[in-house]
Amino acid sequence: MKVALYAPLKPLDHPVPSGDRTIGRELAAALAGHGIETVVPTRFRARWFSVRPLLWLKALAARREALAAARREGIEAFVTYHAYYKSPDVIGPYVARARGIPYVIFQGIHATKTRRRLATRLGYVLNRRSLLAADAVFSNRKLDVDNLLRLLPPERVVYVRPGIDPGEFAFDAAARRRLRGAWGVADAPVVVTAAMFRDDVKSKSLAFLFLRLGELARQGVPFFLAVAGDGEMREALAALAARELPGRHVFLGLVPRGELGAVFGAGDLFAFPGIGESLGMVYLEAQAAGLPVVPLADGGVPEVVANGRTGLLTPPGDAAAYGDALARLLDDKALRRAMGEAAARYVRAEHDRAVNYGVVAERLRRLVGLR
């Protein structure tokens with residue numbers, strides 16, 4: 001079976017890592033594992049379609065390109081990944097209708113407040129139109145499911161837990177020894193964090209973490225921090241870390257996803273506040289590697305962390321509570337180990353992409369069989 005897989009926000013081979021890109025790639029890999037080949041029908045990006053008239057003309061060419069690809073490749077269904085007001089799908093409904101094939105959205109979002117603003121009104125209308133045209137809309141976040149059910153009948157909305165391949169992050173004892181030796185770490189617990197250093201909530205989260213760890217360092221709590229990531233805010237974040245954590249940290253730069261498992265395995269806990277985090281795939285990756293995690297209970301994060309069992313969630317904006325959670329895990333090796341072991345089991349049991357996204361593969365086959 002062959003389906004189109006289109007990402008209007010940004011292509012899945014985009015060079016800049018992100019949780020959004022990770023989810024899309026995991027979906028494609030899971031479908032392949034279930035015998036469904038995916039074809040990219042167009043690389044057209046609809047980001048901020050509402051306010052960029054030039055995109056309206058480019059969309060016409062992208063439609064022709066996608067329709068030609070569907071004909072050439074014998075596409076049996078059109079799947080759009082991550083459609084919302086900022087990047088509405090103006091390609092999929094057209095191609096599916098022209099070819100008479102099922103149209104499906106994975107990670108569809110319906111945000112009604114965007115209809116009130118001039119800058120987002122067109123995006124809202126186009127996104128709503130694509131959601132109404134879909135034969136099925138999948139969502140990996142419960143809040144989004146609730147919003148979708150305000151627009152669509154229950155039989156067309158499907159919740160799927162986010163998934164990864166847990167084996168990609170299996171613990172590697174040799175890598176742990178090698179990396180900790182390179183970092184000059186002996187017995188002190190290692191805190192690992194990972195994020196792109198963008199000038200937004202990602203960098204704000206890292207700054208929040210550095211400040212809380214700085215407070216613990218001044219209290220004499222032993223630890224070492226390893227930071228994976230890079231971006232425009234590196235200089236500012238490096239300066240903050242140097243001030244708050246002198247001699248207690250290392251910046252690793254941008255670590256390829258295939259090597260993140262080794263970095264996680266060299267640590268003892270994973271900490272990233274995740275201010276305004278939509279979901280947080282990195283928490284699944286760290287837990288799969290056997291690390292307890294410390295995020296804020298923000299957005300969809302509680303859907304990927306079992307609070308009190310695989311990590312410690314703290315109230316958004318509560319700096320003291322976050323610092324206390326870090327201190328608790330840094331001070332208790334047995335708790336770290338117990339939570340880390342539970343975290344690895346949790347991801348394998350609840351967030352295996354082969355199982356979770358198998359629901360998508362099954363629905364696609366059923367829809368194609370009905371046409």
# chains A, B, ... in the order shown; residues from 1 in each chain; ligands from 1

call {"tool": "select_by_dssp", "arguments": {"residues": "range 36-252 of chain A", "states": "strand (DSSP E)", "output": "PDB file with all heavy atoms, in the first residue's frame"}}
result
ATOM      1  N   GLU A  37       4.015   2.220   2.391  1.00  0.00           N
ATOM      2  CA  GLU A  37       5.057   3.096   1.840  1.00  0.00           C
ATOM      3  C   GLU A  37       4.531   4.522   1.765  1.00  0.00           C
ATOM      4  O   GLU A  37       3.392   4.760   1.363  1.00  0.00           O
ATOM      5  CB  GLU A  37       5.456   2.622   0.445  1.00  0.00           C
ATOM      6  CG  GLU A  37       6.552   3.459  -0.199  1.00  0.00           C
ATOM      7  CD  GLU A  37       6.892   3.013  -1.610  1.00  0.00           C
ATOM      8  OE1 GLU A  37       6.409   1.936  -2.022  1.00  0.00           O
ATOM      9  OE2 GLU A  37       7.620   3.759  -2.306  1.00  0.00           O
ATOM     10  N   THR A  38       5.357   5.473   2.176  1.00  0.00           N
ATOM     11  CA  THR A  38       4.959   6.881   2.112  1.00  0.00           C
ATOM     12  C   THR A  38       5.741   7.601   1.016  1.00  0.00           C
ATOM     13  O   THR A  38       6.938   7.368   0.836  1.00  0.00           O
ATOM     14  CB  THR A  38       5.188   7.599   3.455  1.00  0.00           C
ATOM     15  OG1 THR A  38       6.570   7.487   3.834  1.00  0.00           O
ATOM     16  CG2 THR A  38       4.328   6.986   4.548  1.00  0.00           C
ATOM     17  N   VAL A  39       5.041   8.473   0.326  1.00  0.00           N
ATOM     18  CA  VAL A  39       5.634   9.271  -0.755  1.00  0.00           C
ATOM     19  C   VAL A  39       5.375  10.741  -0.452  1.00  0.00           C
ATOM     20  O   VAL A  39       4.257  11.114  -0.083  1.00  0.00           O
ATOM     21  CB  VAL A  39       4.993   8.896  -2.110  1.00  0.00           C
ATOM     22  CG1 VAL A  39       5.505   9.835  -3.210  1.00  0.00           C
ATOM     23  CG2 VAL A  39       5.285   7.449  -2.457  1.00  0.00           C
ATOM     24  N   ALA A  77      -4.069   6.803  -0.668  1.00  0.00           N
ATOM     25  CA  ALA A  77      -4.643   7.669   0.359  1.00  0.00           C
ATOM     26  C   ALA A  77      -3.713   8.852   0.548  1.00  0.00           C
ATOM     27  O   ALA A  77      -2.502   8.759   0.303  1.00  0.00           O
ATOM     28  CB  ALA A  77      -4.838   6.927   1.678  1.00  0.00           C
ATOM     29  N   PHE A  78      -4.278   9.977   0.983  1.00  0.00           N
ATOM     30  CA  PHE A  78      -3.482  11.179   1.214  1.00  0.00           C
ATOM     31  C   PHE A  78      -3.482  11.461   2.710  1.00  0.00           C
ATOM     32  O   PHE A  78      -4.541  11.646   3.320  1.00  0.00           O
ATOM     33  CB  PHE A  78      -4.066  12.370   0.458  1.00  0.00           C
ATOM     34  CG  PHE A  78      -3.109  13.526   0.294  1.00  0.00           C
ATOM     35  CD1 PHE A  78      -2.491  13.779  -0.917  1.00  0.00           C
ATOM     36  CD2 PHE A  78      -2.815  14.368   1.366  1.00  0.00           C
ATOM     37  CE1 PHE A  78      -1.607  14.845  -1.071  1.00  0.00           C
ATOM     38  CE2 PHE A  78      -1.936  15.429   1.231  1.00  0.00           C
ATOM     39  CZ  PHE A  78      -1.318  15.661   0.011  1.00  0.00           C
ATOM     40  N   VAL A  79      -2.281  11.494   3.306  1.00  0.00           N
ATOM     41  CA  VAL A  79      -2.126  11.746   4.737  1.00  0.00           C
ATOM     42  C   VAL A  79      -1.393  13.065   4.922  1.00  0.00           C
ATOM     43  O   VAL A  79      -0.290  13.256   4.387  1.00  0.00           O
ATOM     44  CB  VAL A  79      -1.334  10.623   5.433  1.00  0.00           C
ATOM     45  CG1 VAL A  79      -1.197  10.920   6.937  1.00  0.00           C
ATOM     46  CG2 VAL A  79      -2.009   9.276   5.219  1.00  0.00           C
ATOM     47  N   THR A  80      -1.994  13.966   5.672  1.00  0.00           N
ATOM     48  CA  THR A  80      -1.349  15.239   5.992  1.00  0.00           C
ATOM     49  C   THR A  80      -0.942  15.214   7.451  1.00  0.00           C
ATOM     50  O   THR A  80      -1.736  14.846   8.323  1.00  0.00           O
ATOM     51  CB  THR A  80      -2.301  16.411   5.728  1.00  0.00           C
ATOM     52  OG1 THR A  80      -2.526  16.500   4.327  1.00  0.00           O
ATOM     53  CG2 THR A  80      -1.703  17.729   6.221  1.00  0.00           C
ATOM     54  N   TYR A  81       0.307  15.601   7.693  1.00  0.00           N
ATOM     55  CA  TYR A  81       0.808  15.619   9.059  1.00  0.00           C
ATOM     56  C   TYR A  81       0.882  17.042   9.599  1.00  0.00           C
ATOM     57  O   TYR A  81       1.522  17.899   8.998  1.00  0.00           O
ATOM     58  CB  TYR A  81       2.205  14.980   9.131  1.00  0.00           C
ATOM     59  CG  TYR A  81       2.921  15.292  10.427  1.00  0.00           C
ATOM     60  CD1 TYR A  81       2.396  14.857  11.644  1.00  0.00           C
ATOM     61  CD2 TYR A  81       4.073  16.067  10.440  1.00  0.00           C
ATOM     62  CE1 TYR A  81       3.008  15.182  12.839  1.00  0.00           C
ATOM     63  CE2 TYR A  81       4.702  16.388  11.625  1.00  0.00           C
ATOM     64  CZ  TYR A  81       4.165  15.951  12.827  1.00  0.00           C
ATOM     65  OH  TYR A  81       4.771  16.294  14.012  1.00  0.00           O
ATOM     66  N   HIS A  82       0.207  17.307  10.690  1.00  0.00           N
ATOM     67  CA  HIS A  82       0.223  18.564  11.443  1.00  0.00           C
ATOM     68  C   HIS A  82      -0.373  19.725  10.640  1.00  0.00           C
ATOM     69  O   HIS A  82       0.336  20.559  10.072  1.00  0.00           O
ATOM     70  CB  HIS A  82       1.644  18.908  11.891  1.00  0.00           C
ATOM     71  CG  HIS A  82       1.656  19.924  13.005  1.00  0.00           C
ATOM     72  ND1 HIS A  82       2.809  20.374  13.583  1.00  0.00           N
ATOM     73  CD2 HIS A  82       0.650  20.570  13.642  1.00  0.00           C
ATOM     74  CE1 HIS A  82       2.521  21.252  14.539  1.00  0.00           C
ATOM     75  NE2 HIS A  82       1.203  21.376  14.590  1.00  0.00           N
ATOM     76  N   ALA A  83      -1.684  19.772  10.645  1.00  0.00           N
ATOM     77  CA  ALA A  83      -2.395  20.869   9.998  1.00  0.00           C
ATOM     78  C   ALA A  83      -3.079  21.728  11.052  1.00  0.00           C
ATOM     79  O   ALA A  83      -3.797  21.216  11.916  1.00  0.00           O
ATOM     80  CB  ALA A  83      -3.436  20.310   9.036  1.00  0.00           C
ATOM     81  N   TYR A 103      -8.799  10.864   2.575  1.00  0.00           N
ATOM     82  CA  TYR A 103      -7.979  11.971   3.069  1.00  0.00           C
ATOM     83  C   TYR A 103      -7.946  11.906   4.593  1.00  0.00           C
ATOM     84  O   TYR A 103      -9.000  11.855   5.245  1.00  0.00           O
ATOM     85  CB  TYR A 103      -8.556  13.300   2.598  1.00  0.00           C
ATOM     86  CG  TYR A 103      -7.911  14.525   3.205  1.00  0.00           C
ATOM     87  CD1 TYR A 103      -6.540  14.749   3.084  1.00  0.00           C
ATOM     88  CD2 TYR A 103      -8.682  15.472   3.899  1.00  0.00           C
ATOM     89  CE1 TYR A 103      -5.955  15.878   3.635  1.00  0.00           C
ATOM     90  CE2 TYR A 103      -8.102  16.602   4.446  1.00  0.00           C
ATOM     91  CZ  TYR A 103      -6.731  16.802   4.315  1.00  0.00           C
ATOM     92  OH  TYR A 103      -6.151  17.919   4.871  1.00  0.00           O
ATOM     93  N   VAL A 104      -6.738  11.880   5.145  1.00  0.00           N
ATOM     94  CA  VAL A 104      -6.545  11.710   6.587  1.00  0.00           C
ATOM     95  C   VAL A 104      -5.588  12.769   7.101  1.00  0.00           C
ATOM     96  O   VAL A 104      -4.619  13.130   6.413  1.00  0.00           O
ATOM     97  CB  VAL A 104      -5.990  10.298   6.887  1.00  0.00           C
ATOM     98  CG1 VAL A 104      -5.497  10.192   8.324  1.00  0.00           C
ATOM     99  CG2 VAL A 104      -7.050   9.245   6.612  1.00  0.00           C
ATOM    100  N   ILE A 105      -5.841  13.272   8.309  1.00  0.00           N
ATOM    101  CA  ILE A 105      -4.935  14.223   8.955  1.00  0.00           C
ATOM    102  C   ILE A 105      -4.398  13.595  10.235  1.00  0.00           C
ATOM    103  O   ILE A 105      -5.175  13.060  11.034  1.00  0.00           O
ATOM    104  CB  ILE A 105      -5.649  15.546   9.291  1.00  0.00           C
ATOM    105  CG1 ILE A 105      -6.139  16.232   8.015  1.00  0.00           C
ATOM    106  CG2 ILE A 105      -4.715  16.488  10.064  1.00  0.00           C
ATOM    107  CD1 ILE A 105      -6.957  17.500   8.273  1.00  0.00           C
ATOM    108  N   PHE A 106      -3.105  13.656  10.403  1.00  0.00           N
ATOM    109  CA  PHE A 106      -2.483  13.219  11.653  1.00  0.00           C
ATOM    110  C   PHE A 106      -1.998  14.466  12.386  1.00  0.00           C
ATOM    111  O   PHE A 106      -1.266  15.261  11.819  1.00  0.00           O
ATOM    112  CB  PHE A 106      -1.304  12.280  11.378  1.00  0.00           C
ATOM    113  CG  PHE A 106      -0.712  11.679  12.627  1.00  0.00           C
ATOM    114  CD1 PHE A 106      -1.138  10.453  13.109  1.00  0.00           C
ATOM    115  CD2 PHE A 106       0.265  12.356  13.340  1.00  0.00           C
ATOM    116  CE1 PHE A 106      -0.607   9.900  14.269  1.00  0.00           C
ATOM    117  CE2 PHE A 106       0.808  11.819  14.498  1.00  0.00           C
ATOM    118  CZ  PHE A 106       0.361  10.592  14.960  1.00  0.00           C
ATOM    119  N   GLN A 107      -2.404  14.614  13.618  1.00  0.00           N
ATOM    120  CA  GLN A 107      -2.127  15.795  14.431  1.00  0.00           C
ATOM    121  C   GLN A 107      -2.845  17.026  13.864  1.00  0.00           C
ATOM    122  O   GLN A 107      -2.246  18.070  13.616  1.00  0.00           O
ATOM    123  CB  GLN A 107      -0.620  16.067  14.571  1.00  0.00           C
ATOM    124  CG  GLN A 107      -0.267  16.860  15.832  1.00  0.00           C
ATOM    125  CD  GLN A 107       1.229  17.004  16.054  1.00  0.00           C
ATOM    126  OE1 GLN A 107       2.028  16.244  15.529  1.00  0.00           O
ATOM    127  NE2 GLN A 107       1.616  17.979  16.846  1.00  0.00           N
ATOM    128  N   GLY A 108      -4.129  16.860  13.696  1.00  0.00           N
ATOM    129  CA  GLY A 108      -4.960  17.998  13.305  1.00  0.00           C
ATOM    130  C   GLY A 108      -5.324  18.814  14.539  1.00  0.00           C
ATOM    131  O   GLY A 108      -5.547  18.260  15.612  1.00  0.00           O
ATOM    132  N   ALA A 136     -10.709  10.897   8.511  1.00  0.00           N
ATOM    133  CA  ALA A 136     -10.295  10.613   9.891  1.00  0.00           C
ATOM    134  C   ALA A 136      -9.247  11.636  10.290  1.00  0.00           C
ATOM    135  O   ALA A 136      -8.418  12.050   9.462  1.00  0.00           O
ATOM    136  CB  ALA A 136      -9.727   9.199  10.024  1.00  0.00           C
ATOM    137  N   VAL A 137      -9.311  12.062  11.545  1.00  0.00           N
ATOM    138  CA  VAL A 137      -8.330  12.992  12.092  1.00  0.00           C
ATOM    139  C   VAL A 137      -7.753  12.364  13.353  1.00  0.00           C
ATOM    140  O   VAL A 137      -8.491  12.064  14.300  1.00  0.00           O
ATOM    141  CB  VAL A 137      -8.951  14.366  12.428  1.00  0.00           C
ATOM    142  CG1 VAL A 137      -7.889  15.293  13.009  1.00  0.00           C
ATOM    143  CG2 VAL A 137      -9.574  14.983  11.180  1.00  0.00           C
ATOM    144  N   PHE A 138      -6.443  12.167  13.357  1.00  0.00           N
ATOM    145  CA  PHE A 138      -5.748  11.594  14.501  1.00  0.00           C
ATOM    146  C   PHE A 138      -5.081  12.708  15.306  1.00  0.00           C
ATOM    147  O   PHE A 138      -4.587  13.685  14.737  1.00  0.00           O
ATOM    148  CB  PHE A 138      -4.671  10.609  14.044  1.00  0.00           C
ATOM    149  CG  PHE A 138      -5.211   9.410  13.329  1.00  0.00           C
ATOM    150  CD1 PHE A 138      -5.428   9.432  11.965  1.00  0.00           C
ATOM    151  CD2 PHE A 138      -5.524   8.258  14.027  1.00  0.00           C
ATOM    152  CE1 PHE A 138      -5.931   8.337  11.295  1.00  0.00           C
ATOM    153  CE2 PHE A 138      -6.033   7.144  13.380  1.00  0.00           C
ATOM    154  CZ  PHE A 138      -6.239   7.186  12.007  1.00  0.00           C
ATOM    155  N   SER A 139      -5.062  12.541  16.610  1.00  0.00           N
ATOM    156  CA  SER A 139      -4.389  13.509  17.461  1.00  0.00           C
ATOM    157  C   SER A 139      -3.638  12.777  18.560  1.00  0.00           C
ATOM    158  O   SER A 139      -4.115  11.770  19.093  1.00  0.00           O
ATOM    159  CB  SER A 139      -5.389  14.478  18.089  1.00  0.00           C
ATOM    160  OG  SER A 139      -4.726  15.357  18.991  1.00  0.00           O
ATOM    161  N   VAL A 157     -12.693  11.127  14.834  1.00  0.00           N
ATOM    162  CA  VAL A 157     -11.585  11.631  15.657  1.00  0.00           C
ATOM    163  C   VAL A 157     -10.984  10.470  16.453  1.00  0.00           C
ATOM    164  O   VAL A 157     -11.707   9.746  17.135  1.00  0.00           O
ATOM    165  CB  VAL A 157     -12.077  12.730  16.625  1.00  0.00           C
ATOM    166  CG1 VAL A 157     -10.929  13.218  17.508  1.00  0.00           C
ATOM    167  CG2 VAL A 157     -12.689  13.884  15.850  1.00  0.00           C
ATOM    168  N   VAL A 158      -9.653  10.323  16.349  1.00  0.00           N
ATOM    169  CA  VAL A 158      -8.984   9.188  16.995  1.00  0.00           C
ATOM    170  C   VAL A 158      -7.791   9.694  17.813  1.00  0.00           C
ATOM    171  O   VAL A 158      -6.915  10.389  17.269  1.00  0.00           O
ATOM    172  CB  VAL A 158      -8.483   8.162  15.967  1.00  0.00           C
ATOM    173  CG1 VAL A 158      -7.889   6.937  16.676  1.00  0.00           C
ATOM    174  CG2 VAL A 158      -9.613   7.738  15.028  1.00  0.00           C
ATOM    175  N   TYR A 159      -7.780   9.342  19.090  1.00  0.00           N
ATOM    176  CA  TYR A 159      -6.624   9.679  19.922  1.00  0.00           C
ATOM    177  C   TYR A 159      -5.602   8.557  19.856  1.00  0.00           C
ATOM    178  O   TYR A 159      -5.939   7.381  20.009  1.00  0.00           O
ATOM    179  CB  TYR A 159      -7.039   9.890  21.377  1.00  0.00           C
ATOM    180  CG  TYR A 159      -5.857  10.074  22.316  1.00  0.00           C
ATOM    181  CD1 TYR A 159      -5.084  11.226  22.267  1.00  0.00           C
ATOM    182  CD2 TYR A 159      -5.507   9.082  23.231  1.00  0.00           C
ATOM    183  CE1 TYR A 159      -3.989  11.402  23.106  1.00  0.00           C
ATOM    184  CE2 TYR A 159      -4.421   9.245  24.080  1.00  0.00           C
ATOM    185  CZ  TYR A 159      -3.668  10.402  24.016  1.00  0.00           C
ATOM    186  OH  TYR A 159      -2.582  10.570  24.848  1.00  0.00           O
ATOM    187  N   VAL A 190      24.878  13.249  37.059  1.00  0.00           N
ATOM    188  CA  VAL A 190      24.890  14.072  35.855  1.00  0.00           C
ATOM    189  C   VAL A 190      23.459  14.390  35.428  1.00  0.00           C
ATOM    190  O   VAL A 190      22.640  13.496  35.245  1.00  0.00           O
ATOM    191  CB  VAL A 190      25.622  13.371  34.703  1.00  0.00           C
ATOM    192  CG1 VAL A 190      25.479  14.167  33.396  1.00  0.00           C
ATOM    193  CG2 VAL A 190      27.105  13.198  35.040  1.00  0.00           C
ATOM    194  N   VAL A 191      23.178  15.680  35.308  1.00  0.00           N
ATOM    195  CA  VAL A 191      21.902  16.156  34.776  1.00  0.00           C
ATOM    196  C   VAL A 191      22.088  16.379  33.280  1.00  0.00           C
ATOM    197  O   VAL A 191      23.008  17.079  32.868  1.00  0.00           O
ATOM    198  CB  VAL A 191      21.467  17.477  35.440  1.00  0.00           C
ATOM    199  CG1 VAL A 191      20.137  17.958  34.858  1.00  0.00           C
ATOM    200  CG2 VAL A 191      21.373  17.313  36.949  1.00  0.00           C
ATOM    201  N   VAL A 192      21.233  15.782  32.474  1.00  0.00           N
ATOM    202  CA  VAL A 192      21.284  15.971  31.028  1.00  0.00           C
ATOM    203  C   VAL A 192      20.087  16.801  30.592  1.00  0.00           C
ATOM    204  O   VAL A 192      18.972  16.625  31.112  1.00  0.00           O
ATOM    205  CB  VAL A 192      21.267  14.617  30.282  1.00  0.00           C
ATOM    206  CG1 VAL A 192      21.249  14.847  28.773  1.00  0.00           C
ATOM    207  CG2 VAL A 192      22.472  13.776  30.663  1.00  0.00           C
ATOM    208  N   THR A 193      20.320  17.716  29.677  1.00  0.00           N
ATOM    209  CA  THR A 193      19.213  18.457  29.067  1.00  0.00           C
ATOM    210  C   THR A 193      19.476  18.567  27.575  1.00  0.00           C
ATOM    211  O   THR A 193      20.626  18.454  27.127  1.00  0.00           O
ATOM    212  CB  THR A 193      19.047  19.856  29.706  1.00  0.00           C
ATOM    213  OG1 THR A 193      17.797  20.416  29.277  1.00  0.00           O
ATOM    214  CG2 THR A 193      20.179  20.803  29.314  1.00  0.00           C
ATOM    215  N   ALA A 194      18.427  18.778  26.793  1.00  0.00           N
ATOM    216  CA  ALA A 194      18.581  18.860  25.336  1.00  0.00           C
ATOM    217  C   ALA A 194      17.473  19.727  24.759  1.00  0.00           C
ATOM    218  O   ALA A 194      16.298  19.554  25.107  1.00  0.00           O
ATOM    219  CB  ALA A 194      18.527  17.461  24.720  1.00  0.00           C
ATOM    220  N   PHE A 224      26.658  17.562  37.874  1.00  0.00           N
ATOM    221  CA  PHE A 224      27.299  18.078  36.667  1.00  0.00           C
ATOM    222  C   PHE A 224      26.220  18.142  35.599  1.00  0.00           C
ATOM    223  O   PHE A 224      25.347  17.277  35.529  1.00  0.00           O
ATOM    224  CB  PHE A 224      28.436  17.161  36.217  1.00  0.00           C
ATOM    225  CG  PHE A 224      29.218  17.671  35.040  1.00  0.00           C
ATOM    226  CD1 PHE A 224      30.237  18.609  35.215  1.00  0.00           C
ATOM    227  CD2 PHE A 224      28.950  17.219  33.753  1.00  0.00           C
ATOM    228  CE1 PHE A 224      30.962  19.084  34.124  1.00  0.00           C
ATOM    229  CE2 PHE A 224      29.667  17.684  32.670  1.00  0.00           C
ATOM    230  CZ  PHE A 224      30.682  18.619  32.854  1.00  0.00           C
ATOM    231  N   LEU A 225      26.260  19.193  34.759  1.00  0.00           N
ATOM    232  CA  LEU A 225      25.244  19.395  33.734  1.00  0.00           C
ATOM    233  C   LEU A 225      25.821  19.206  32.335  1.00  0.00           C
ATOM    234  O   LEU A 225      26.833  19.810  31.985  1.00  0.00           O
ATOM    235  CB  LEU A 225      24.646  20.801  33.841  1.00  0.00           C
ATOM    236  CG  LEU A 225      23.677  21.220  32.726  1.00  0.00           C
ATOM    237  CD1 LEU A 225      22.398  20.393  32.760  1.00  0.00           C
ATOM    238  CD2 LEU A 225      23.353  22.712  32.824  1.00  0.00           C
ATOM    239  N   ALA A 226      25.171  18.373  31.522  1.00  0.00           N
ATOM    240  CA  ALA A 226      25.529  18.193  30.112  1.00  0.00           C
ATOM    241  C   ALA A 226      24.396  18.729  29.257  1.00  0.00           C
ATOM    242  O   ALA A 226      23.237  18.314  29.419  1.00  0.00           O
ATOM    243  CB  ALA A 226      25.771  16.721  29.806  1.00  0.00           C
ATOM    244  N   VAL A 227      24.719  19.655  28.367  1.00  0.00           N
ATOM    245  CA  VAL A 227      23.703  20.350  27.556  1.00  0.00           C
ATOM    246  C   VAL A 227      23.890  19.993  26.084  1.00  0.00           C
ATOM    247  O   VAL A 227      24.930  20.283  25.491  1.00  0.00           O
ATOM    248  CB  VAL A 227      23.818  21.878  27.727  1.00  0.00           C
ATOM    249  CG1 VAL A 227      22.686  22.573  26.977  1.00  0.00           C
ATOM    250  CG2 VAL A 227      23.817  22.264  29.197  1.00  0.00           C
ATOM    251  N   ALA A 228      22.882  19.367  25.491  1.00  0.00           N
ATOM    252  CA  ALA A 228      22.915  19.046  24.065  1.00  0.00           C
ATOM    253  C   ALA A 228      22.024  20.030  23.318  1.00  0.00           C
ATOM    254  O   ALA A 228      20.877  20.270  23.719  1.00  0.00           O
ATOM    255  CB  ALA A 228      22.423  17.621  23.836  1.00  0.00           C
ATOM    256  N   HIS A 249      29.585  22.263  34.043  1.00  0.00           N
ATOM    257  CA  HIS A 249      28.758  22.015  32.876  1.00  0.00           C
ATOM    258  C   HIS A 249      29.597  21.831  31.629  1.00  0.00           C
ATOM    259  O   HIS A 249      30.776  22.220  31.591  1.00  0.00           O
ATOM    260  CB  HIS A 249      27.787  23.178  32.660  1.00  0.00           C
ATOM    261  CG  HIS A 249      28.469  24.442  32.233  1.00  0.00           C
ATOM    262  ND1 HIS A 249      29.081  25.298  33.118  1.00  0.00           N
ATOM    263  CD2 HIS A 249      28.659  24.987  30.998  1.00  0.00           C
ATOM    264  CE1 HIS A 249      29.595  26.315  32.463  1.00  0.00           C
ATOM    265  NE2 HIS A 249      29.349  26.148  31.168  1.00  0.00           N
ATOM    266  N   VAL A 250      28.976  21.243  30.605  1.00  0.00           N
ATOM    267  CA  VAL A 250      29.600  21.123  29.292  1.00  0.00           C
ATOM    268  C   VAL A 250      28.513  21.316  28.241  1.00  0.00           C
ATOM    269  O   VAL A 250      27.392  20.826  28.397  1.00  0.00           O
ATOM    270  CB  VAL A 250      30.284  19.745  29.115  1.00  0.00           C
ATOM    271  CG1 VAL A 250      29.273  18.596  29.233  1.00  0.00           C
ATOM    272  CG2 VAL A 250      31.010  19.661  27.779  1.00  0.00           C
ATOM    273  N   PHE A 251      28.832  22.094  27.204  1.00  0.00           N
ATOM    274  CA  PHE A 251      27.940  22.252  26.066  1.00  0.00           C
ATOM    275  C   PHE A 251      28.415  21.312  24.970  1.00  0.00           C
ATOM    276  O   PHE A 251      29.561  21.398  24.518  1.00  0.00           O
ATOM    277  CB  PHE A 251      27.953  23.704  25.573  1.00  0.00           C
ATOM    278  CG  PHE A 251      27.059  24.622  26.356  1.00  0.00           C
ATOM    279  CD1 PHE A 251      27.372  25.006  27.654  1.00  0.00           C
ATOM    280  CD2 PHE A 251      25.881  25.097  25.796  1.00  0.00           C
ATOM    281  CE1 PHE A 251      26.551  25.842  28.376  1.00  0.00           C
ATOM    282  CE2 PHE A 251      25.036  25.944  26.509  1.00  0.00           C
ATOM    283  CZ  PHE A 251      25.367  26.315  27.808  1.00  0.00           C
ATOM    284  N   LEU A 252      27.539  20.407  24.537  1.00  0.00           N
ATOM    285  CA  LEU A 252      27.922  19.364  23.587  1.00  0.00           C
ATOM    286  C   LEU A 252      27.663  19.752  22.140  1.00  0.00           C
ATOM    287  O   LEU A 252      28.075  19.034  21.232  1.00  0.00           O
ATOM    288  CB  LEU A 252      27.151  18.076  23.904  1.00  0.00           C
ATOM    289  CG  LEU A 252      27.277  17.552  25.335  1.00  0.00           C
ATOM    290  CD1 LEU A 252      26.345  16.366  25.541  1.00  0.00           C
ATOM    291  CD2 LEU A 252      28.723  17.178  25.642  1.00  0.00           C
TER     292      LEU A 252
END

call {"tool": "select_by_dssp", "arguments": {"residues": "range 186-268 of chain A", "states": "alpha helix (DSSP H)", "output": "number ranges by chain"}}
result
A: 201-218, 234-244, 257-265

call {"tool": "closest_residue", "arguments": {"among": "A:Phe171, A:Asp331, A:Val201, A:Ala271", "to": "Leu312 in chain A", "atoms": "only C-alpha atoms"}}
result
A:Ala271

call {"tool": "atom_distance", "arguments": {"atom1": "CA of Leu126 in chain A", "atom2": "CA of Asp89 in chain A"}}
result
7.3 Å

call {"tool": "closest_residue", "arguments": {"among": "A:Arg117, A:Arg177, A:Lys204, A:His351", "to": "Tyr283 in chain A", "atoms": "only C-alpha atoms"}}
result
A:His351

call {"tool": "residues_around", "arguments": {"residues": "Arg180 in chain A", "least_positions_apart": "6", "cutoff": "9 Å", "atoms": "only C-alpha atoms", "output": "PyMOL selection string"}}
result
chain A and resi 186+190+266-267

call {"tool": "atom_distance", "arguments": {"atom1": "CA of Ser18 in chain A", "atom2": "CA of Ser205 in chain A"}}
result
15.0 Å

call {"tool": "residues_around", "arguments": {"residues": "Leu122 in chain A", "least_positions_apart": "3", "cutoff": "10 Å", "atoms": "only C-alpha atoms", "output": "list in words"}}
result
Trp48, Phe49, Ser50, Val51, Tyr85, Lys86, Pro88, Thr114, Arg115, Arg117, Leu118, Ala119, Val125, Leu126, Asn127 and Arg128 of chain A

call {"tool": "residues_around", "arguments": {"residues": "Arg363 in chain A", "least_positions_apart": "3", "cutoff": "10 Å", "atoms": "only C-alpha atoms", "output": "ChimeraX atom specification"}}
result
/A:104,135-136,158,358-360,366-369

call {"tool": "residues_around", "arguments": {"residues": "Pro316 in chain A", "least_positions_apart": "6", "cutoff": "10 Å", "atoms": "only C-alpha atoms", "output": "list in words"}}
result
Pro273, Gly274, Ile275, Gly276, Pro295, Leu296, Ala297, Asp298, Gly299 and Tyr322 of chain A

call {"tool": "atom_distance", "arguments": {"atom1": "CA of Ala133 in chain A", "atom2": "CA of Ala28 in chain A"}}
result
22.1 Å

call {"tool": "closest_residue", "arguments": {"among": "A:Ile164, A:Val221, A:Ala59, A:Val263", "to": "Ala182 in chain A", "atoms": "only C-alpha atoms"}}
result
A:Val263

call {"tool": "residues_around", "arguments": {"residues": "Ala175 in chain A", "least_positions_apart": "3", "cutoff": "7 Å", "atoms": "only C-alpha atoms", "output": "list in words"}}
result
Asp172, Arg178, Leu179, Ala262 and Ala266 of chain A

call {"tool": "closest_residue", "arguments": {"among": "A:Gly100, A:Pro162, A:Pro222, A:Gly247", "to": "Val305 in chain A", "atoms": "only C-alpha atoms"}}
result
A:Pro162
